[in-house]
There are 4 protein chains.
Amino acid sequence: MTTINLNADMGESYGRFTVGNDESIMKVIRSASIACGFHAGDPTVMADAVRLAKENGVSIGAHPGFNDIWGFGRREIKMNPRDLEYMIAYQIGALNGIAAGVGLKVTHVKPHGALNNMAHDDADYAGAIARGIKSVDRDIIFVANACSEMVKAGREQGLRVAEEAYVDRTYEDNGKMTSRRLPDAMIKDKESAIRQVLSFVEQGALISKNGKKLPTRIHTFCTHGDEATGVGVVSAVREALEKNGIRVVPLPEMDF
Amino acid sequence: MTTINLNADMGESYGRFTVGNDESIMKVIRSASIACGFHAGDPTVMADAVRLAKENGVSIGAHPGFNDIWGFGRREIKMNPRDLEYMIAYQIGALNGIAAGVGLKVTHVKPHGALNNMAHDDADYAGAIARGIKSVDRDIIFVANACSEMVKAGREQGLRVAEEAYVDRTYEDNGKMTSRRLPDAMIKDKESAIRQVLSFVEQGALISKNGKKLPTRIHTFCTHGDEATGVGVVSAVREALEKNGIRVVPLPEMDF
Amino acid sequence: MTTINLNADMGESYGRFTVGNDESIMKVIRSASIACGFHAGDPTVMADAVRLAKENGVSIGAHPGFNDIWGFGRREIKMNPRDLEYMIAYQIGALNGIAAGVGLKVTHVKPHGALNNMAHDDADYAGAIARGIKSVDRDIIFVANACSEMVKAGREQGLRVAEEAYVDRTYEDNGKMTSRRLPDAMIKDKESAIRQVLSFVEQGALISKNGKKLPTRIHTFCTHGDEATGVGVVSAVREALEKNGIRVVPLPEMDF
Amino acid sequence: MTTINLNADMGESYGRFTVGNDESIMKVIRSASIACGFHAGDPTVMADAVRLAKENGVSIGAHPGFNDIWGFGRREIKMNPRDLEYMIAYQIGALNGIAAGVGLKVTHVKPHGALNNMAHDDADYAGAIARGIKSVDRDIIFVANACSEMVKAGREQGLRVAEEAYVDRTYEDNGKMTSRRLPDAMIKDKESAIRQVLSFVEQGALISKNGKKLPTRIHTFCTHGDEATGVGVVSAVREALEKNGIRVVPLPEMDF
């Protein structure tokens, strides 16, 4: 029986600045990528997100980003790979520190925002992230954009890699997401989202908006908690997956 | 045979801002309290400090401070205890994340600067720090100012507490350090430093500059790495301790 | 004919973290206190707030706070007065830099959050703020809690001081606002708000919730833009003032 | 009689993190570019630098950088031009706020580090900086790398542009500085520095290390205060300039 994972970014509030609707989304996903204080997520916000994950049987991962609250981690920053590697280890460790009190551990890592975008194509960044993860705990799963340099780097380091696609984003022929600046970047209706997810799973491929197939197994689908349509769409996707006999499980329960 | 520990604060550079002389001090101390990025110490600085500690057989601890690079953690900030507890867990975890790659673990925690000063007297702060430590790992040793609320809070939480005195600071009759604003706050010559350390150990007490004894076992002496006199004074102190048959050991090797 | 001012805090978003409803509030107030990047308000958020103020004929002031995005400037920080003085001048200048492009200038300063609370009673803080304001431009109006040390300090420095009361907060007999922790801290209905404002103006006094009068002229009433009830209450207050023949004007048009 | 300017970056300490030797350098330069708190330079450090400039008859400019204390503004950050424009205006204003109390005004702007490097070639960045300067005060002089996009953008905005070369850096044939990673990037001896400066002035050109001439008038030479050789080299350069009948003046006294 096929297994699949649904994940979302969580804990992206900061102090009195509140974003997202973690409580609703946490009910439908199986793994949460929790911001670690660099682009969002202060220690208390992190603790609340970890607790919520535990209550919902959701596995937790670190969602490390650039050191840029102002830019919400969405601005590209050029760092040397050594600094980047330690920055990753720092953020994973920080979340483990918070999670210990709740009885959980970081079981995956998924880079955030501009860091994730840069590491898609940049082998130096991808390698630094993979080494940072491995240095903390080689059992951590690296959640990486399907068909990216991160997938390669993670496997080179001997990590389990969960290739990721988005429930609600369309893809170009090169396997990258359509830029948010373009009108057809987002999928907003349930039917299209379900169609995308089922076709990716059944065909074992990422399929571009033009129909081009990039064969690869997708292990996890990401959804955006902060969109109005978020919860509805992802609930429908989960239901459709389960109806089609696909088990939706936390990342550590996946077979790789 | 009596055991004692010598510790110092390490890794307090930040990016291109370099402070301290970690390499020299690391040779004479047995435990290093490493800044965790909130008042000083970026991830790379932390990694360098951890590696240096390992090379010198020095045990490592977290040196968590307020979130205040500008003020170097020396400005009092009023936080609610819940935020403080998670802020401590975050910083310990972050250092554990960095240390994992070097094969070390955080074995003690010593609060920094204004946080340490506030928690000396403030039971809420002391309790939050102790709970933060315990939540991450109940085997971590809490290095606390002798005779402070932190000592009480640590023991209430079931933690091992290492009571700390300074090699190079004088004390008031209430057990607090003489304010740096007063001319007799600092001990700068080796002879006085040795006399202070030996008398505290032999008499099982903190002894004020006026000669008042506050009976308590001192487990660890702290020295200031960033003072010109630092290395010379602490080397002489270590030699004197060893000559007097006192073993100077890393904190995890202490008997409590 | 009596003049009065209505002000609110504005521009307290930060990057992608959005708070407040500046557009609605700006229509009913006459002066805006704009966050300056230390507790909230990045340069672009500030520029948007200044532009909105200009479009609505609203005068602008700096709303300087502690250097603490995480705590939204609501955590007390102990700074030395010299650092505080320059921190104030810096933030005023920063807003003037942004405002110049829109053709406006900072005409008042109102401290934010914990800084405002501390300076209410602390003459050192109050003096540092007043000197910081004066150093930039002695024509700037100091908006200060009625009956506070800030009022004294501002007048000692030769500044015009606008004594401030809140539309929607009750007062203790000592002239301080009722703590938000108490159930009767906030005024949420229009009638009570109008009664408070009119009685303060007509009786030339701050009047506590117990009916104690602290005679002083209130020059400006502050309202909270981020409360659901905010706009409705302040609109009603403004209407009531005008019906009673009181002109509601921007701060620079007040007679002191 | 020809005029020329000598400038250096100043005020790049941050809180307790001290860098540079501002006091020595300030005696030999005629214009100081002062860090504005984003990559270095807290409000008190800025005030000290401004006061030192005044004592030495040195004109002041803003030295705005990316919002990155950790990276000392030396990491490239991709910002949208609108944010960049306001970030520049903010930093200029902040320094004006500090300078007002000392009786000085910002008379030039020189971007720092990675921002300066990016804007050398990037017309969007160069334009945003120029607009930011102009929005605050169109009389401010834009100190720009000779032969860069910043020179063009500054002139397009109607600003006076001071083309800058370095006393102690060599140049490639394309007019850019030799990368610091290469062994021949720096000029460390007085004789070479003097030869470079005099040849650039006399020949009205930037001259590469290979002898290629890029004709343009150099208005100001920059020196690095934080190098051991800094003060000695720049003193010798100033003396050589004056011996050759060239007046070394603050930027506002230059003829453009």
# chains A, B, ... in the order shown; residues from 1 in each chain; ligands from 1

$ closest_atom_pairs --of "chain D" --to "chain B" --cutoff "8 Å" --atoms "only C-alpha atoms" --output "CSV"
residue,atom,partner,partner_atom,distance
D:Tyr14,CA,B:Trp70,CA,6.3
D:Gly15,CA,B:Trp70,CA,4.8
D:Arg16,CA,B:Phe72,CA,6.5
D:Phe17,CA,B:Phe17,CA,5.8
D:Thr18,CA,B:Phe17,CA,7.2
D:Val19,CA,B:Phe17,CA,7.1
D:Asp42,CA,B:Trp70,CA,7.3
D:Ile69,CA,B:Gly15,CA,7.7
D:Trp70,CA,B:Gly15,CA,4.9
D:Gly71,CA,B:Gly15,CA,5.8
D:Phe72,CA,B:Arg16,CA,6.5

$ calpha_fit_and_write --fixed "chain B" --moving "chain D" --output "JSON list (two decimals) with C-alpha atoms, in the first residue's frame"
[["chain", "number", "residue", "atom", "x", "y", "z"],
["D", 1, "MET", "CA", 40.73, 14.16, 46.90],
["D", 2, "THR", "CA", 38.86, 17.40, 46.32],
["D", 3, "THR", "CA", 37.79, 18.33, 42.82],
["D", 4, "ILE", "CA", 37.21, 21.78, 41.51],
["D", 5, "ASN", "CA", 36.38, 23.29, 38.14],
["D", 6, "LEU", "CA", 37.68, 26.34, 36.30],
["D", 7, "ASN", "CA", 35.39, 27.85, 33.67],
["D", 8, "ALA", "CA", 35.34, 30.85, 31.36],
["D", 9, "ASP", "CA", 32.95, 32.44, 28.86],
["D", 10, "MET", "CA", 33.91, 31.64, 25.27],
["D", 11, "GLY", "CA", 32.76, 32.27, 21.74],
["D", 12, "GLU", "CA", 31.65, 35.83, 22.35],
["D", 13, "SER", "CA", 32.69, 37.13, 18.94],
["D", 14, "TYR", "CA", 29.98, 37.87, 16.38],
["D", 15, "GLY", "CA", 30.61, 37.73, 12.68],
["D", 16, "ARG", "CA", 33.45, 40.09, 11.91],
["D", 17, "PHE", "CA", 33.33, 41.54, 15.43],
["D", 18, "THR", "CA", 36.04, 39.70, 17.33],
["D", 19, "VAL", "CA", 36.38, 39.71, 21.10],
["D", 20, "GLY", "CA", 38.27, 37.63, 23.65],
["D", 21, "ASN", "CA", 41.27, 35.38, 23.36],
["D", 22, "ASP", "CA", 39.62, 32.00, 23.36],
["D", 23, "GLU", "CA", 42.68, 30.06, 22.20],
["D", 24, "SER", "CA", 44.84, 31.03, 25.17],
["D", 25, "ILE", "CA", 42.16, 30.72, 27.83],
["D", 26, "MET", "CA", 40.94, 27.36, 26.55],
["D", 27, "LYS", "CA", 44.33, 25.86, 27.47],
["D", 28, "VAL", "CA", 43.95, 26.57, 31.18],
["D", 29, "ILE", "CA", 40.26, 26.15, 31.93],
["D", 30, "ARG", "CA", 38.37, 22.85, 32.11],
["D", 31, "SER", "CA", 34.85, 24.00, 31.11],
["D", 32, "ALA", "CA", 33.75, 26.60, 28.57],
["D", 33, "SER", "CA", 30.46, 28.49, 28.64],
["D", 34, "ILE", "CA", 29.74, 29.26, 24.99],
["D", 35, "ALA", "CA", 27.57, 32.16, 23.85],
["D", 36, "CYS", "CA", 24.55, 30.98, 21.85],
["D", 37, "GLY", "CA", 23.79, 33.73, 19.36],
["D", 38, "PHE", "CA", 21.48, 35.96, 21.39],
["D", 39, "HIS", "CA", 23.97, 38.36, 23.00],
["D", 40, "ALA", "CA", 27.02, 37.20, 21.00],
["D", 41, "GLY", "CA", 28.25, 34.12, 19.16],
["D", 42, "ASP", "CA", 27.02, 33.32, 15.67],
["D", 43, "PRO", "CA", 26.76, 29.68, 14.54],
["D", 44, "THR", "CA", 30.26, 29.65, 13.05],
["D", 45, "VAL", "CA", 31.82, 31.29, 16.10],
["D", 46, "MET", "CA", 30.04, 28.67, 18.21],
["D", 47, "ALA", "CA", 31.38, 25.84, 16.06],
["D", 48, "ASP", "CA", 34.91, 27.19, 16.36],
["D", 49, "ALA", "CA", 34.59, 27.44, 20.13],
["D", 50, "VAL", "CA", 33.23, 23.90, 20.43],
["D", 51, "ARG", "CA", 36.06, 22.51, 18.32],
["D", 52, "LEU", "CA", 38.64, 24.38, 20.38],
["D", 53, "ALA", "CA", 37.07, 23.01, 23.56],
["D", 54, "LYS", "CA", 37.29, 19.48, 22.22],
["D", 55, "GLU", "CA", 40.94, 19.87, 21.27],
["D", 56, "ASN", "CA", 41.71, 20.98, 24.81],
["D", 57, "GLY", "CA", 39.63, 18.39, 26.64],
["D", 58, "VAL", "CA", 37.34, 21.12, 27.90],
["D", 59, "SER", "CA", 33.67, 20.36, 28.58],
["D", 60, "ILE", "CA", 31.10, 22.69, 27.04],
["D", 61, "GLY", "CA", 28.11, 24.51, 28.37],
["D", 62, "ALA", "CA", 25.57, 26.93, 26.99],
["D", 63, "HIS", "CA", 25.92, 30.57, 27.98],
["D", 64, "PRO", "CA", 22.46, 31.88, 27.16],
["D", 65, "GLY", "CA", 21.78, 35.61, 27.27],
["D", 66, "PHE", "CA", 19.12, 38.11, 26.44],
["D", 67, "ASN", "CA", 18.29, 38.73, 22.80],
["D", 68, "ASP", "CA", 20.43, 41.84, 22.56],
["D", 69, "ILE", "CA", 23.57, 41.95, 20.42],
["D", 70, "TRP", "CA", 23.75, 45.73, 20.71],
["D", 71, "GLY", "CA", 23.82, 45.56, 24.52],
["D", 72, "PHE", "CA", 25.94, 42.38, 24.62],
["D", 73, "GLY", "CA", 23.33, 40.90, 26.93],
["D", 74, "ARG", "CA", 24.29, 43.36, 29.64],
["D", 75, "ARG", "CA", 21.00, 45.26, 29.70],
["D", 76, "GLU", "CA", 18.21, 44.03, 31.91],
["D", 77, "ILE", "CA", 15.13, 42.97, 29.94],
["D", 78, "LYS", "CA", 11.85, 42.12, 31.60],
["D", 79, "MET", "CA", 10.48, 38.97, 30.03],
["D", 80, "ASN", "CA", 7.64, 36.80, 31.15],
["D", 81, "PRO", "CA", 8.92, 33.54, 32.66],
["D", 82, "ARG", "CA", 7.34, 31.41, 29.97],
["D", 83, "ASP", "CA", 9.24, 33.23, 27.19],
["D", 84, "LEU", "CA", 12.39, 33.03, 29.27],
["D", 85, "GLU", "CA", 12.06, 29.28, 29.83],
["D", 86, "TYR", "CA", 11.76, 28.62, 26.10],
["D", 87, "MET", "CA", 14.51, 31.11, 25.29],
["D", 88, "ILE", "CA", 16.83, 29.06, 27.50],
["D", 89, "ALA", "CA", 15.77, 25.76, 25.93],
["D", 90, "TYR", "CA", 16.26, 27.27, 22.46],
["D", 91, "GLN", "CA", 19.80, 28.39, 23.16],
["D", 92, "ILE", "CA", 20.84, 25.11, 24.78],
["D", 93, "GLY", "CA", 19.41, 23.22, 21.84],
["D", 94, "ALA", "CA", 21.15, 25.47, 19.35],
["D", 95, "LEU", "CA", 24.52, 24.76, 20.95],
["D", 96, "ASN", "CA", 23.74, 21.05, 21.04],
["D", 97, "GLY", "CA", 22.98, 21.28, 17.32],
["D", 98, "ILE", "CA", 26.38, 22.80, 16.65],
["D", 99, "ALA", "CA", 28.18, 20.50, 19.09],
["D", 100, "ALA", "CA", 26.76, 17.31, 17.61],
["D", 101, "GLY", "CA", 28.96, 17.66, 14.55],
["D", 102, "VAL", "CA", 32.04, 17.83, 16.76],
["D", 103, "GLY", "CA", 30.93, 14.90, 18.88],
["D", 104, "LEU", "CA", 30.24, 16.91, 22.04],
["D", 105, "LYS", "CA", 27.15, 17.65, 24.12],
["D", 106, "VAL", "CA", 26.11, 20.52, 26.35],
["D", 107, "THR", "CA", 26.89, 19.39, 29.90],
["D", 108, "HIS", "CA", 26.29, 22.63, 31.76],
["D", 109, "VAL", "CA", 24.41, 25.93, 31.44],
["D", 110, "LYS", "CA", 25.50, 29.27, 32.82],
["D", 111, "PRO", "CA", 23.37, 32.37, 32.22],
["D", 112, "HIS", "CA", 25.09, 35.47, 30.85],
["D", 113, "GLY", "CA", 25.33, 39.06, 31.95],
["D", 114, "ALA", "CA", 22.16, 40.88, 32.93],
["D", 115, "LEU", "CA", 20.16, 37.64, 32.84],
["D", 116, "ASN", "CA", 22.54, 36.12, 35.36],
["D", 117, "ASN", "CA", 22.37, 39.23, 37.53],
["D", 118, "MET", "CA", 18.59, 39.37, 37.48],
["D", 119, "ALA", "CA", 18.21, 35.67, 38.23],
["D", 120, "HIS", "CA", 20.53, 35.99, 41.21],
["D", 121, "ASP", "CA", 17.70, 37.57, 43.20],
["D", 122, "ASP", "CA", 14.59, 36.95, 41.15],
["D", 123, "ALA", "CA", 12.98, 33.61, 41.91],
["D", 124, "ASP", "CA", 10.75, 33.78, 38.80],
["D", 125, "TYR", "CA", 13.73, 34.20, 36.51],
["D", 126, "ALA", "CA", 15.75, 31.58, 38.39],
["D", 127, "GLY", "CA", 12.87, 29.12, 38.16],
["D", 128, "ALA", "CA", 12.32, 29.74, 34.46],
["D", 129, "ILE", "CA", 16.00, 29.11, 33.74],
["D", 130, "ALA", "CA", 16.01, 25.92, 35.79],
["D", 131, "ARG", "CA", 12.88, 24.63, 34.05],
["D", 132, "GLY", "CA", 14.35, 25.52, 30.67],
["D", 133, "ILE", "CA", 17.48, 23.51, 31.44],
["D", 134, "LYS", "CA", 15.54, 20.55, 32.79],
["D", 135, "SER", "CA", 13.21, 20.49, 29.81],
["D", 136, "VAL", "CA", 16.13, 19.90, 27.45],
["D", 137, "ASP", "CA", 18.13, 17.41, 29.52],
["D", 138, "ARG", "CA", 17.92, 16.80, 33.24],
["D", 139, "ASP", "CA", 21.56, 15.70, 33.34],
["D", 140, "ILE", "CA", 22.78, 19.19, 32.49],
["D", 141, "ILE", "CA", 24.59, 20.91, 35.38],
["D", 142, "PHE", "CA", 23.30, 24.38, 36.31],
["D", 143, "VAL", "CA", 26.27, 26.69, 36.98],
["D", 144, "ALA", "CA", 24.83, 29.30, 39.33],
["D", 145, "ASN", "CA", 26.20, 32.19, 41.38],
["D", 146, "ALA", "CA", 26.88, 30.86, 44.86],
["D", 147, "CYS", "CA", 24.16, 31.78, 47.37],
["D", 148, "SER", "CA", 21.70, 32.87, 44.65],
["D", 149, "GLU", "CA", 18.07, 32.12, 43.88],
["D", 150, "MET", "CA", 19.40, 30.08, 40.96],
["D", 151, "VAL", "CA", 20.98, 27.60, 43.36],
["D", 152, "LYS", "CA", 17.63, 27.07, 45.06],
["D", 153, "ALA", "CA", 15.68, 26.87, 41.83],
["D", 154, "GLY", "CA", 18.11, 24.40, 40.27],
["D", 155, "ARG", "CA", 17.91, 22.07, 43.27],
["D", 156, "GLU", "CA", 14.13, 22.33, 43.41],
["D", 157, "GLN", "CA", 14.04, 21.11, 39.82],
["D", 158, "GLY", "CA", 16.30, 18.22, 40.73],
["D", 159, "LEU", "CA", 19.26, 19.51, 38.74],
["D", 160, "ARG", "CA", 22.85, 19.23, 39.83],
["D", 161, "VAL", "CA", 23.95, 22.76, 40.70],
["D", 162, "ALA", "CA", 27.56, 23.90, 40.52],
["D", 163, "GLU", "CA", 27.94, 26.91, 42.78],
["D", 164, "GLU", "CA", 30.22, 29.41, 41.20],
["D", 165, "ALA", "CA", 32.57, 32.10, 42.43],
["D", 166, "TYR", "CA", 34.90, 34.35, 40.47],
["D", 167, "VAL", "CA", 38.65, 34.16, 40.49],
["D", 168, "ASP", "CA", 38.96, 37.86, 39.88],
["D", 169, "ARG", "CA", 35.96, 39.55, 41.52],
["D", 170, "THR", "CA", 35.49, 40.58, 45.12],
["D", 171, "TYR", "CA", 32.31, 39.95, 47.09],
["D", 172, "GLU", "CA", 29.99, 41.95, 49.29],
["D", 173, "ASP", "CA", 28.71, 40.62, 52.61],
["D", 174, "ASN", "CA", 25.43, 39.56, 50.96],
["D", 175, "GLY", "CA", 27.26, 37.19, 48.63],
["D", 176, "LYS", "CA", 26.94, 39.36, 45.53],
["D", 177, "MET", "CA", 29.86, 40.57, 43.52],
["D", 178, "THR", "CA", 31.08, 44.08, 44.19],
["D", 179, "SER", "CA", 29.71, 46.32, 41.46],
["D", 180, "ARG", "CA", 32.12, 46.96, 38.62],
["D", 181, "ARG", "CA", 31.57, 50.66, 39.25],
["D", 182, "LEU", "CA", 33.47, 50.43, 42.50],
["D", 183, "PRO", "CA", 37.26, 50.57, 42.48],
["D", 184, "ASP", "CA", 37.72, 47.34, 44.45],
["D", 185, "ALA", "CA", 35.52, 45.18, 42.22],
["D", 186, "MET", "CA", 38.32, 43.41, 40.39],
["D", 187, "ILE", "CA", 41.23, 41.30, 41.55],
["D", 188, "LYS", "CA", 44.09, 41.83, 39.15],
["D", 189, "ASP", "CA", 47.13, 40.28, 40.78],
["D", 190, "LYS", "CA", 47.87, 36.58, 40.91],
["D", 191, "GLU", "CA", 48.57, 36.44, 44.62],
["D", 192, "SER", "CA", 45.17, 37.85, 45.61],
["D", 193, "ALA", "CA", 43.40, 35.61, 43.12],
["D", 194, "ILE", "CA", 45.17, 32.53, 44.46],
["D", 195, "ARG", "CA", 44.44, 33.54, 48.04],
["D", 196, "GLN", "CA", 40.73, 34.01, 47.23],
["D", 197, "VAL", "CA", 40.37, 30.69, 45.46],
["D", 198, "LEU", "CA", 42.27, 28.64, 48.03],
["D", 199, "SER", "CA", 40.47, 30.23, 50.97],
["D", 200, "PHE", "CA", 37.04, 29.64, 49.41],
["D", 201, "VAL", "CA", 37.91, 25.98, 48.78],
["D", 202, "GLU", "CA", 39.59, 25.27, 52.07],
["D", 203, "GLN", "CA", 37.02, 27.02, 54.22],
["D", 204, "GLY", "CA", 34.02, 25.78, 52.25],
["D", 205, "ALA", "CA", 32.65, 29.29, 51.99],
["D", 206, "LEU", "CA", 32.32, 32.41, 49.95],
["D", 207, "ILE", "CA", 34.26, 35.07, 51.82],
["D", 208, "SER", "CA", 33.41, 38.74, 51.34],
["D", 209, "LYS", "CA", 35.98, 41.47, 50.99],
["D", 210, "ASN", "CA", 35.14, 42.37, 54.58],
["D", 211, "GLY", "CA", 35.92, 38.85, 55.73],
["D", 212, "LYS", "CA", 32.35, 37.66, 56.18],
["D", 213, "LYS", "CA", 31.99, 33.92, 55.55],
["D", 214, "LEU", "CA", 28.98, 32.54, 53.72],
["D", 215, "PRO", "CA", 29.40, 28.78, 54.14],
["D", 216, "THR", "CA", 28.79, 26.87, 50.92],
["D", 217, "ARG", "CA", 30.83, 24.62, 48.72],
["D", 218, "ILE", "CA", 32.14, 26.37, 45.61],
["D", 219, "HIS", "CA", 32.28, 23.90, 42.71],
["D", 220, "THR", "CA", 33.61, 26.12, 39.97],
["D", 221, "PHE", "CA", 35.61, 29.30, 39.61],
["D", 222, "CYS", "CA", 35.01, 31.59, 36.69],
["D", 223, "THR", "CA", 37.66, 33.71, 35.03],
["D", 224, "HIS", "CA", 37.40, 36.48, 32.45],
["D", 225, "GLY", "CA", 39.05, 35.57, 29.24],
["D", 226, "ASP", "CA", 38.91, 39.02, 27.80],
["D", 227, "GLU", "CA", 41.00, 40.83, 30.37],
["D", 228, "ALA", "CA", 44.68, 41.36, 29.66],
["D", 229, "THR", "CA", 45.53, 39.71, 32.94],
["D", 230, "GLY", "CA", 43.13, 36.84, 32.39],
["D", 231, "VAL", "CA", 45.34, 34.02, 31.18],
["D", 232, "GLY", "CA", 48.23, 34.74, 33.52],
["D", 233, "VAL", "CA", 46.04, 34.90, 36.58],
["D", 234, "VAL", "CA", 44.03, 31.78, 35.84],
["D", 235, "SER", "CA", 47.15, 29.77, 34.98],
["D", 236, "ALA", "CA", 48.65, 30.71, 38.32],
["D", 237, "VAL", "CA", 45.41, 29.81, 40.08],
["D", 238, "ARG", "CA", 45.25, 26.43, 38.42],
["D", 239, "GLU", "CA", 48.83, 25.68, 39.31],
["D", 240, "ALA", "CA", 48.25, 26.71, 42.93],
["D", 241, "LEU", "CA", 45.17, 24.49, 43.16],
["D", 242, "GLU", "CA", 47.02, 21.48, 41.82],
["D", 243, "LYS", "CA", 49.99, 22.10, 44.11],
["D", 244, "ASN", "CA", 47.56, 22.01, 46.98],
["D", 245, "GLY", "CA", 46.31, 18.61, 45.93],
["D", 246, "ILE", "CA", 43.05, 19.78, 44.42],
["D", 247, "ARG", "CA", 42.14, 18.19, 41.08],
["D", 248, "VAL", "CA", 40.94, 20.66, 38.47],
["D", 249, "VAL", "CA", 38.45, 18.76, 36.31],
["D", 250, "PRO", "CA", 35.74, 19.35, 33.68],
["D", 251, "LEU", "CA", 32.30, 19.83, 35.23],
["D", 252, "PRO", "CA", 30.93, 16.40, 34.29],
["D", 253, "GLU", "CA", 33.81, 14.81, 36.25],
["D", 254, "MET", "CA", 32.99, 16.72, 39.44],
["D", 255, "ASP", "CA", 31.45, 14.90, 42.37],
["D", 256, "PHE", "CA", 28.42, 16.84, 43.59]]

$ select_by_dssp --residues "stretch 90-173 of chain C" --states "alpha helix (DSSP H)" --output "ChimeraX atom specification"
/C:90-100,113-121,123-136,149-156
